[in-house]
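Novice: Please read through the structure below; I'll follow up with questions.
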Amino acid sequence: MKHETAKSAALFERAEHVIPGGVNSPVRAFKAVGGTPRFVTSATGAWLRDADGNDYIDLIGSWGPMIMGHSRPEVLAAVQEAAVNGFSFGTPSTGEVELAEEIVARVDPVDQVRLVSSGTEATMSAIRLARGYTGRAKIVKFAGCYHGHVDALLAQAGSGLATFSLPDTPGVTGAQASDTIVVDYNDAAGLEAVFNEHGDEIACVITEASPGNMGVVPPRDGFTNTIRRLTKAHGALMISDEVMTGFRVSAAGWYGFEAESLGYPEGPADLFTFGKVMGGGFPAAAFGGRSDVMEHLAPTGPVYQAGTLSGNPVATAAGLTTLKLTTELDVYSHISRAADALRPAVTSALEAEGVAHTIQSANSMFSVFFTDREVINYGDARTQNVERYSAFFNAMLDQGIHMPPSAFEAWFLSYAHTDEILDRIISALPAAAKAAAAVPNTQAN
Ligand SMILES: *Cc1c(COP(=O)(O)O)cnc(C)c1O
């Protein structure tokens with residue numbers, strides 16, 4: 001069933017006059033999948049409602065934050081209560097202490113956090129701190145890892161850049177990019193070679209804790225430990241970017257899951273970045289780690305970092321309430337069960353139509369690649385048949401399921417994805433698989 005989209009289309013046209021491409025974040029424009037982006041007017045639980053009055057089951061979840069579902073009553077109440085007491089003070093306030101305590105209590109190696117307003121700010125500030133702490137200039141990142149739109153980190157990034165296959169972006173100068181070294185993810189030998197050549201110039205290695213912005217590509221064969229061993233041996237810091245995985249894949253994020261399942265014989269990362277879930281849908285993010293590193297920040301240390309809205313009382317109330325609910329309601333088991341129900345259903349629907357695919361997981365977080373190979377890095381991820389994903393996406397959308405409008409993204413589940421919601425998603429899969437199968441099987445190499 002095609003939806004009526006006249007009102008969304010009219011809004012998009014208006015938007016295109018006053019906002020570049022009509023959107024405030026590129027992937028929202030539906031360029032990769034075609035069609036009219038839906039302008040959402042309200043959202044409750046697992047549902048989005050658009051300007052034309054259509055309802056969709058949401059598998060974007062604001063790209064991660066909405067782990068409790070939309071407009072969760074307890075979060076809404078906390079936001080209302082905070083707002084009544086004022087919107088922003090520019091002084092220290094109670095909520096930011098509570099949110100910082102909650103994060104520090106959850107993630108063992110994090111002694112202190114500094115709150116910021118976006119994941120981009122968190123990674124940018126963590127990089128600055130690592131450079132200030134080590135007195136070194138170079139940083140290492142992995143191809144396909146996205147750390148927000150920080151100039152120095154846009155080299156071979158995932159997310160929107162994967163969607164649009166932009167190699168890099170104009171506006172980042174050679175000087176800004178020249179201190180960034182890009183290595184393939186899961187390439188231990190490649191990383192070792194870089195350290196052998198530049199070991200004493202490298203301030204830090206930044207990695208997604210378990211990459212999710214080129215699709216889900218978990219670390220294999222103890223790759224996290226390899227990063228830790230090499231950074232330690234060469235006096236560089238390790239930054240684990242948990243903006244997507246933090247407080248989503250376990251109560252302590254990817255750190256908690258991997259520390260328990262694999263162990264960290266070389267020790268944990270020095271710095272961590274958080275965002276998305278910890279803001280509960282509001283602009284709150286953080287970076288944190290060992291006290292002796294964090295104390296290099298102003299006002300205790302020389303590395304400057306600041307923010308007018310940092311630790312905003314409304315955002316911290318939403319984030320703290322969201323975090324507390326995730327453990328009180330055992331949201332992590334709920335999402336694991338939901339993912340366990342969805343993955344085999346996707347496989348059987350796609351197999352029935354002979355559609356090559358690979359499902360990969362970081363604990364409960366998963367994505368579906370339209371390729372038949374295991375995806376261990378960005379090169380593998382780009383072999384997928386994105387036209388097949390577009391056909392799949394549009395067939396799901398026509399049936400009222402709003403997937404991420406890009407083949408390079410995780411499917412975001414929440415506590416509001418009940419069995420009934422999952423059944424609706426599952427019953428939409430066969431028609432979407434058929435639509436994907438109708439696209440020729442040309443896989444890039
Ligand atoms: C989303 C994301 C960011 C950027 O966060 P913003 O709040 O969009 O600036 C950084 N790192 C990772 C791993 C992310 O998924």
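By order of appearance in the structure tokens: chains A, B, ..., then residues from 1 within every chain, and ligands from 1 in the order shown.
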Once you count only C-alpha atoms and all ligand atoms, which residues end up within 8 Å of ligand 1, and could you hand them over as an MDAnalysis selection string?

Specialist: chainID A and resid 63:64 117:123 145:149 159 208:209 211:213 241:245 273:276 283 285

Novice: Export C-alpha atoms of the chosen residues as a PDB file, in the first residue's frame?

Specialist:
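Saved to again14.pdb:
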```pdb
ATOM      1  CA  TRP A  63      19.429   6.790  15.328  1.00  0.00           C
ATOM      2  CA  GLY A  64      19.807   5.291  18.773  1.00  0.00           C
ATOM      3  CA  SER A 117      25.804  18.480  23.896  1.00  0.00           C
ATOM      4  CA  SER A 118      26.555  16.107  20.993  1.00  0.00           C
ATOM      5  CA  GLY A 119      28.592  13.059  20.123  1.00  0.00           C
ATOM      6  CA  THR A 120      30.588  15.206  17.728  1.00  0.00           C
ATOM      7  CA  GLU A 121      31.630  17.480  20.571  1.00  0.00           C
ATOM      8  CA  ALA A 122      32.525  14.476  22.704  1.00  0.00           C
ATOM      9  CA  THR A 123      34.918  12.948  20.158  1.00  0.00           C
ATOM     10  CA  CYS A 145      34.143   4.386  11.627  1.00  0.00           C
ATOM     11  CA  TYR A 146      32.087   7.527  12.135  1.00  0.00           C
ATOM     12  CA  HIS A 147      32.807   9.803  15.065  1.00  0.00           C
ATOM     13  CA  GLY A 148      30.562  12.740  14.203  1.00  0.00           C
ATOM     14  CA  HIS A 149      31.528  15.509  11.803  1.00  0.00           C
ATOM     15  CA  SER A 159      27.332   6.951   8.360  1.00  0.00           C
ATOM     16  CA  GLU A 208      34.019   2.848  17.540  1.00  0.00           C
ATOM     17  CA  ALA A 209      33.751   0.433  20.473  1.00  0.00           C
ATOM     18  CA  PRO A 211      31.467  -0.152  14.739  1.00  0.00           C
ATOM     19  CA  GLY A 212      27.849   0.504  13.795  1.00  0.00           C
ATOM     20  CA  ASN A 213      28.106   3.291  11.231  1.00  0.00           C
ATOM     21  CA  ASP A 241      33.711   5.798  20.951  1.00  0.00           C
ATOM     22  CA  GLU A 242      30.569   4.418  22.553  1.00  0.00           C
ATOM     23  CA  VAL A 243      28.227   7.134  21.291  1.00  0.00           C
ATOM     24  CA  MET A 244      26.128   4.473  19.542  1.00  0.00           C
ATOM     25  CA  THR A 245      26.833   1.353  21.623  1.00  0.00           C
ATOM     26  CA  THR A 273      32.775   8.940  24.427  1.00  0.00           C
ATOM     27  CA  PHE A 274      29.038   8.676  24.942  1.00  0.00           C
ATOM     28  CA  GLY A 275      25.911  10.237  23.452  1.00  0.00           C
ATOM     29  CA  LYS A 276      22.608   9.082  21.964  1.00  0.00           C
ATOM     30  CA  PRO A 283      21.213  17.021  23.373  1.00  0.00           C
ATOM     31  CA  ALA A 285      26.724  13.580  25.406  1.00  0.00           C
TER      32      ALA A 285
END
```

Novice: Just the residues within 10 Å of Met238 of chain A, please, counting only C-alpha atoms, with nothing from its chain fewer than 4 positions along; format it as a list in words.

Specialist: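 Here the answer would be Ile127, Ala130, Val140, Ala203, Cys204, Val205, Ile206, Thr207, Thr224, Ile227, Arg228, Arg229, Leu230, Thr231, Lys232, Pro268, Ala269, Asp270, Leu271 and Phe272 of chain A.
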
Novice: Taking only segment 61-161 of chain A into account, list the residues labelled helix (DSSP H, G or I) by DSSP (computed from the backbone), as a PyMOL selection string.

Specialist: chain A and resi 61-63+73-84+94-106+119-134+151-153+160-161

Novice: Could you check which of A:Met294, A:Leu397, A:Ala416, A:Ile139 is closest to Val110 of chain A, using only C-alpha atoms?

Specialist: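 The closest residue to Val110 of chain A is A:Met294.
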
Novice: Skipping near chain neighbours, those fewer than 3 positions away, what residues fall within 9 Å of Ala435 of chain A using only C-alpha atoms, listed as a short mmCIF file (atom, residue, chain, number, x, y, z; two decimals) with N, CA and C atoms, in the first residue's frame?

Specialist:
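File written: out.cif
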```cif
data_model
loop_
_atom_site.label_atom_id
_atom_site.label_comp_id
_atom_site.auth_asym_id
_atom_site.auth_seq_id
_atom_site.Cartn_x
_atom_site.Cartn_y
_atom_site.Cartn_z
N ARG A 388 19.39 -3.22 -3.81
CA ARG A 388 18.50 -4.20 -3.18
C ARG A 388 18.01 -3.68 -1.83
N ALA A 391 15.18 -1.21 -2.45
CA ALA A 391 13.91 -1.88 -2.78
C ALA A 391 13.29 -2.46 -1.50
N PHE A 392 14.12 -3.06 -0.68
CA PHE A 392 13.66 -3.63 0.59
C PHE A 392 13.09 -2.53 1.48
N ASN A 394 11.92 0.44 0.68
CA ASN A 394 10.67 1.04 0.20
C ASN A 394 9.48 0.10 0.36
N ALA A 395 9.73 -1.21 0.19
CA ALA A 395 8.64 -2.17 0.38
C ALA A 395 8.24 -2.22 1.86
N PRO A 430 8.37 -10.82 4.05
CA PRO A 430 8.36 -11.56 2.78
C PRO A 430 8.18 -10.66 1.55
N ALA A 431 7.27 -9.68 1.64
CA ALA A 431 7.05 -8.80 0.48
C ALA A 431 8.29 -7.94 0.22
N ALA A 432 8.96 -7.52 1.29
CA ALA A 432 10.17 -6.71 1.13
C ALA A 432 11.30 -7.55 0.53
N ALA A 438 13.81 -8.75 -6.75
CA ALA A 438 13.51 -8.27 -8.11
C ALA A 438 14.63 -7.40 -8.66
N VAL A 439 15.55 -6.95 -7.80
CA VAL A 439 16.70 -6.15 -8.24
C VAL A 439 17.82 -7.12 -8.60
#
```

Novice: Please list as a ChimeraX atom specification every residue within 8 Å of segment 355-366 of chain A, counting only C-alpha atoms and excluding residues in the same chain fewer than 6 positions away.

Specialist: /A:210,215-218,248-249,254,257,335-336,339-340,343,347,372-375,410-412,433,436-437

Novice: Considering only C-alpha atoms, state which residue in the set A:Ala286, A:Ala236, A:Val277, A:Val303 is at the smallest distance from Met68 of chain A.

Specialist: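 That would be A:Val277, the residue with the smallest distance to Met68 of chain A.
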
Novice: Choose the residue, out of A:Gln384, A:Gln305, A:Ser348, A:Thr322, that has the smallest atom-to-atom separation from Gly280 of chain A; count only C-alpha atoms.

Specialist: A:Thr322

Novice: Could you tell me how far atom CA of Tyr378 of chain A sits from atom CA of Thr442 of chain A, in Å to one decimal place?

Specialist: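 Going from atom CA of Thr442 of chain A over to atom CA of Tyr378 of chain A, I get 18.2 Å.
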
Novice: As a ChimeraX atom specification, list the residues of segment 183-419 of chain A assigned to strand (DSSP E) by DSSP on the backbone atoms of this structure.

Specialist: /A:183,202-208,237-241,271-274,285-289,358-362,365-369,401-402

Novice: Those same residues, written as a tab-separated table (two decimals), in the first residue's frame with C-alpha atoms?

Specialist:
```
chain	number	residue	atom	x	y	z
A	183	VAL	CA	43.69	2.04	8.93
A	202	ILE	CA	50.66	9.19	17.69
A	203	ALA	CA	48.51	10.86	20.35
A	204	CYS	CA	45.67	8.38	20.18
A	205	VAL	CA	43.75	5.73	18.34
A	206	ILE	CA	40.02	6.40	18.19
A	207	THR	CA	37.71	3.51	17.39
A	208	GLU	CA	34.02	2.85	17.54
A	237	LEU	CA	45.89	6.90	24.35
A	238	MET	CA	43.03	4.69	23.25
A	239	ILE	CA	39.62	6.34	22.79
A	240	SER	CA	36.63	4.03	22.62
A	241	ASP	CA	33.71	5.80	20.95
A	271	LEU	CA	38.95	7.57	27.22
A	272	PHE	CA	35.34	6.85	26.26
A	273	THR	CA	32.78	8.94	24.43
A	274	PHE	CA	29.04	8.68	24.94
A	285	ALA	CA	26.72	13.58	25.41
A	286	ALA	CA	29.94	13.03	27.33
A	287	PHE	CA	33.55	12.03	27.24
A	288	GLY	CA	35.33	10.51	30.18
A	289	GLY	CA	38.02	8.21	31.46
A	358	THR	CA	24.76	-11.35	6.01
A	359	ILE	CA	23.42	-10.38	9.42
A	360	GLN	CA	26.01	-9.15	11.91
A	361	SER	CA	25.57	-8.32	15.56
A	362	ALA	CA	27.18	-6.44	18.40
A	365	MET	CA	22.53	-4.45	17.98
A	366	PHE	CA	22.45	-5.82	14.44
A	367	SER	CA	22.35	-4.89	10.79
A	368	VAL	CA	21.63	-6.69	7.55
A	369	PHE	CA	24.14	-6.42	4.70
A	401	ILE	CA	7.69	0.03	8.72
A	402	HIS	CA	10.20	2.91	8.74
```

Novice: Could you name the residues that touch Leu297 of chain A at 12 Å or less, counting only C-alpha atoms, but leaving out those on the same chain fewer than 2 positions away, as a list of chain:residue names?

Specialist: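 The neighbour list is A:Gln112, A:Val113, A:Arg114, A:Ser125, A:Ala126, A:Ile127, A:Arg128, A:Leu129, A:Ala130, A:Arg131, A:Gly132, A:Tyr133, A:Phe287, A:Gly288, A:Gly289, A:Arg290, A:Ser291, A:Asp292, A:Val293, A:Met294, A:Glu295, A:Pro299, A:Thr300, A:Gly301, A:Pro302, A:Val303, A:Tyr304, A:Gln305, A:Ala306.
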